[in-house]
Every structure is written in C-alpha cells, then in structure tokens.
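**Student:** I have a structure here, written as structure tokens, and I will follow up with some questions on it.
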Amino acid sequence: MENRKHGLLLFVSGPSGVGKSTVCNRLAKDIPAQFALSATTRQGKPQDQWGKQYIFVNENEFKQRIANNEFLEYAKVFGHWYGTLKQPVLDALANGRTVLLEIDIQGGVQIARMFPEAVGVFILPPSEEELIRRLRERGRDEPEVIENRIRQAKKEITMAEESGAYRIKVVNRVLDQTIAELISFVKSIQG
C-alpha cells in the first residue's frame, strides 16, 4: 500500500509490436499498479485474459458511453473504438493506488492534458527492422496489416516527440532491463 493521499496515474504508449502489453503486465505486478478498466468495440483475443481488463461492447453502446461522459479518454484505433472508463480510475486514485493505463498515443495526449501530474511512458522499438520482426513473429496480422502498423508506428513516434505528453521514453531492447529502468523511474516519482 502506498503512503500517498492521492495515487499515481501512469500511462504507457508505444507502437504495435513494441512490447507494451508485456511491459505493462510486468509493471502492474512489480510496482504494484492497478490496470484501468477499458471498453472496446473490437473482438476479444486470447491474450486479453492476462492483466488488462476490457469490457467488450458494440459501437452503439460505446457511443452512448461517450454521450454519458463515462470515459477519461477514447479514440478510434485500427478501426475499433477504445476508451478508459473514468470512475474506476478516479476511485483508485482517490484511494492512493497507482493506476496503469495501456493506451495509444491519442489517449496519452488526452490524459496528459487532463492530468498534468500523470506520468507518461513511451516504449520505443530498438529499430524498425526489429519492430517488423516482432510483428511478424506474433503471427496475428497479414502482411498488409503489418505494413500499416509500421507506417502508423512512425507517425506515433513523431507524435510522442512533438506532444510533450511523455516524461520518459524507453527503448525495449531487453525486457528485464526495460522493466528495471521503468520501476526505478516510477519509484523515484513515488518518493
């Protein structure tokens, strides 16, 4: 349990295939942090069972939640809507917990504007070639989808630099080193 009146809001972004989910799952366990509850219009995937929690909804329900102001942030990414539900995050922060959001750069910029005290982490690949290799090895996407993800990755990296939303950028070369660097950084903030 943290000795804080108000918890820490930590958000992690990075291109597809950079290892965000793996990094976030380790951070949530090692810090410890509570994952923010997200809603999405995409179909569930087998890896959704670890760590990050989703509510799977149809597009009409998602838009109704937007109208009801239920999201901290939301964006349409690769054809599907994603949003972080507001109330569970606010409740956890009020109870002094560290809350972890794994979100795209659009959401990260929104969070940084709403919560200037939030800590943004941007995960970078070691190289474009390594990112392509990782995306191919996942075995989830067709070649044209991978090409689109690479184009999007270049845009996201530029947006992260220009936005000023991210306090730390980490190149994910070796997972254990990336985790150690991020835990050290978070602990320095938590005091």
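How things are named: the first chain in the structure tokens is A, the next is B, and so on; residues count from 1 in each chain; ligands count from 1 in the order shown.
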Within 12 Å of Pro88 in chain A, counting only C-alpha atoms, which residues qualify if same-chain residues fewer than 2 places away don't, as a ChimeraX atom specification?
**Tutor:** /A:34-38,53,70-72,84-86,90-95,97,99-101
**Student:** Skip Asn172 in chain A itself and residues of its chain fewer than 4 positions away, then list as number ranges by chain all residues within 9 Å of it, counting only C-alpha atoms.
**Tutor:** A: 18-19, 23, 123-126, 177-179
**Student:** Restricting the calculation to only C-alpha atoms, which member of A:Gly120, A:Gly7, A:Gly14, A:Gly79 is positioned closest to Leu182 in chain A?
**Tutor:** A:Gly120
**Student:** Which residue gives the smallest distance to Ile168 in chain A among A:Val121, A:Phe56, A:Lys154, A:Arg133, with only C-alpha atoms counted?
**Tutor:** A:Val121
**Student:** Kindly indicate which residue among A:Leu131, A:Ser21, A:Arg138, A:Tyr74 lies nearest to Arg151 in chain A, using only C-alpha atoms for the distances.
**Tutor:**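 Closest to Arg151 in chain A, using only C-alpha atoms: A:Leu131.
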**Student:** One decimal, in Å: what's the spacing between CA of Ala39 in chain A and CA of Ala165 in chain A?
**Tutor:**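 Answer for the CA of Ala39 in chain A to CA of Ala165 in chain A separation: 22.5 Å.
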**Student:** Running DSSP on the backbone, which parts of range 44-141 of chain A land in helix (DSSP H, G or I), as a compact mmCIF listing (two decimals) with N, CA and C atoms, in the first residue's frame?
**Tutor:**
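Heads up, here's the output in selection-v1.txt:
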# COMPACT_ATOMS: atom_id res chain seq x y z
N PRO A 46 -7.27 -14.07 -27.33
CA PRO A 46 -6.82 -14.96 -26.25
C PRO A 46 -5.95 -14.27 -25.21
N GLN A 47 -5.08 -13.34 -25.64
CA GLN A 47 -4.19 -12.67 -24.69
C GLN A 47 -4.93 -11.67 -23.79
N ASP A 48 -6.20 -11.40 -24.06
CA ASP A 48 -6.96 -10.47 -23.22
C ASP A 48 -7.19 -11.02 -21.82
N GLN A 49 -6.98 -12.29 -21.63
CA GLN A 49 -7.23 -12.86 -20.31
C GLN A 49 -6.16 -12.47 -19.29
N GLU A 59 -20.62 -0.80 -31.07
CA GLU A 59 -20.35 0.61 -31.35
C GLU A 59 -21.42 1.53 -30.78
N ASN A 60 -22.70 1.11 -30.84
CA ASN A 60 -23.77 1.94 -30.29
C ASN A 60 -23.60 2.14 -28.79
N GLU A 61 -23.28 1.08 -28.06
CA GLU A 61 -23.08 1.21 -26.62
C GLU A 61 -21.87 2.10 -26.33
N PHE A 62 -20.81 1.95 -27.10
CA PHE A 62 -19.62 2.78 -26.90
C PHE A 62 -19.98 4.26 -27.08
N LYS A 63 -20.71 4.57 -28.14
CA LYS A 63 -21.09 5.96 -28.39
C LYS A 63 -22.02 6.49 -27.30
N GLN A 64 -22.85 5.63 -26.74
CA GLN A 64 -23.71 6.04 -25.63
C GLN A 64 -22.87 6.38 -24.40
N ARG A 65 -21.83 5.60 -24.17
CA ARG A 65 -20.93 5.88 -23.04
C ARG A 65 -20.18 7.20 -23.26
N ILE A 66 -19.83 7.51 -24.51
CA ILE A 66 -19.23 8.81 -24.82
C ILE A 66 -20.22 9.91 -24.45
N ALA A 67 -21.48 9.76 -24.91
CA ALA A 67 -22.51 10.76 -24.63
C ALA A 67 -22.74 10.94 -23.13
N LYS A 86 -13.82 6.20 -16.71
CA LYS A 86 -13.41 7.26 -15.79
C LYS A 86 -13.54 6.88 -14.31
N GLN A 87 -14.71 6.42 -13.88
CA GLN A 87 -14.97 6.29 -12.45
C GLN A 87 -14.04 5.32 -11.73
N PRO A 88 -13.75 4.12 -12.28
CA PRO A 88 -12.82 3.23 -11.57
C PRO A 88 -11.43 3.85 -11.38
N VAL A 89 -10.97 4.64 -12.35
CA VAL A 89 -9.66 5.29 -12.24
C VAL A 89 -9.69 6.35 -11.15
N LEU A 90 -10.70 7.20 -11.17
CA LEU A 90 -10.80 8.26 -10.16
C LEU A 90 -10.92 7.67 -8.75
N ASP A 91 -11.69 6.58 -8.62
CA ASP A 91 -11.84 5.94 -7.30
C ASP A 91 -10.50 5.38 -6.81
N ALA A 92 -9.78 4.69 -7.69
CA ALA A 92 -8.49 4.10 -7.30
C ALA A 92 -7.49 5.19 -6.91
N LEU A 93 -7.44 6.27 -7.68
CA LEU A 93 -6.53 7.37 -7.37
C LEU A 93 -6.89 8.01 -6.03
N ALA A 94 -8.18 8.18 -5.78
CA ALA A 94 -8.62 8.77 -4.51
C ALA A 94 -8.24 7.89 -3.32
N ILE A 105 -1.35 6.65 -28.41
CA ILE A 105 -0.81 8.00 -28.24
C ILE A 105 -1.91 9.06 -28.20
N GLN A 106 -2.99 8.87 -28.95
CA GLN A 106 -4.09 9.84 -28.89
C GLN A 106 -4.62 9.94 -27.46
N GLY A 107 -4.83 8.77 -26.84
CA GLY A 107 -5.30 8.74 -25.46
C GLY A 107 -4.28 9.31 -24.50
N GLY A 108 -3.00 9.02 -24.74
CA GLY A 108 -1.95 9.54 -23.88
C GLY A 108 -1.92 11.06 -23.87
N VAL A 109 -2.09 11.66 -25.03
CA VAL A 109 -2.10 13.12 -25.12
C VAL A 109 -3.31 13.68 -24.36
N GLN A 110 -4.46 13.01 -24.49
CA GLN A 110 -5.66 13.45 -23.76
C GLN A 110 -5.45 13.36 -22.26
N ILE A 111 -4.87 12.25 -21.79
CA ILE A 111 -4.63 12.06 -20.35
C ILE A 111 -3.65 13.12 -19.84
N ALA A 112 -2.59 13.38 -20.59
CA ALA A 112 -1.59 14.37 -20.16
C ALA A 112 -2.21 15.76 -20.02
N ARG A 113 -3.16 16.09 -20.87
CA ARG A 113 -3.83 17.40 -20.78
C ARG A 113 -4.74 17.46 -19.56
N MET A 114 -5.47 16.38 -19.29
CA MET A 114 -6.43 16.36 -18.17
C MET A 114 -5.75 16.20 -16.82
N GLU A 128 13.46 -0.19 -36.63
CA GLU A 128 12.31 -0.52 -37.46
C GLU A 128 12.35 -2.00 -37.86
N GLU A 129 13.53 -2.51 -38.16
CA GLU A 129 13.68 -3.91 -38.55
C GLU A 129 13.23 -4.85 -37.42
N GLU A 130 13.60 -4.50 -36.18
CA GLU A 130 13.21 -5.32 -35.04
C GLU A 130 11.70 -5.27 -34.83
N LEU A 131 11.10 -4.09 -35.03
CA LEU A 131 9.65 -3.97 -34.90
C LEU A 131 8.94 -4.83 -35.94
N ILE A 132 9.42 -4.81 -37.16
CA ILE A 132 8.84 -5.65 -38.22
C ILE A 132 8.95 -7.13 -37.83
N ARG A 133 10.12 -7.53 -37.35
CA ARG A 133 10.32 -8.92 -36.93
C ARG A 133 9.33 -9.31 -35.84
N ARG A 134 9.16 -8.45 -34.84
CA ARG A 134 8.24 -8.75 -33.74
C ARG A 134 6.80 -8.86 -34.22
N LEU A 135 6.41 -7.96 -35.11
CA LEU A 135 5.04 -8.01 -35.63
C LEU A 135 4.80 -9.29 -36.42
N ARG A 136 5.79 -9.69 -37.21
CA ARG A 136 5.65 -10.93 -37.98
C ARG A 136 5.59 -12.14 -37.06
N GLU A 137 6.45 -12.16 -36.02
CA GLU A 137 6.51 -13.31 -35.11
C GLU A 137 5.24 -13.48 -34.29
N ARG A 138 4.49 -12.40 -34.08
CA ARG A 138 3.23 -12.53 -33.35
C ARG A 138 2.26 -13.44 -34.09
**Student:** Choose the residue, out of A:Ser13, A:Thr98, A:Asn25, A:Thr40, that has the smallest atom-to-atom separation from Gly83 in chain A; count only C-alpha atoms.
**Tutor:** A:Thr40
**Student:** So how far away is CA of Arg26 in chain A from CA of Ile183 in chain A, in Å?
**Tutor:** 9.7 Å
**Student:** Please indicate the distance in Å from CA of Leu10 in chain A to CA of Asn58 in chain A, rounded to one decimal place.
**Tutor:** 27.6 Å
**Student:** For a quick check of understanding, using only C-alpha atoms, which of A:Glu142, A:Ala180, A:Arg149, A:Ser188 has the smallest distance to Leu27 in chain A?
**Tutor:**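 Smallest distance to Leu27 in chain A is found for A:Ala180.
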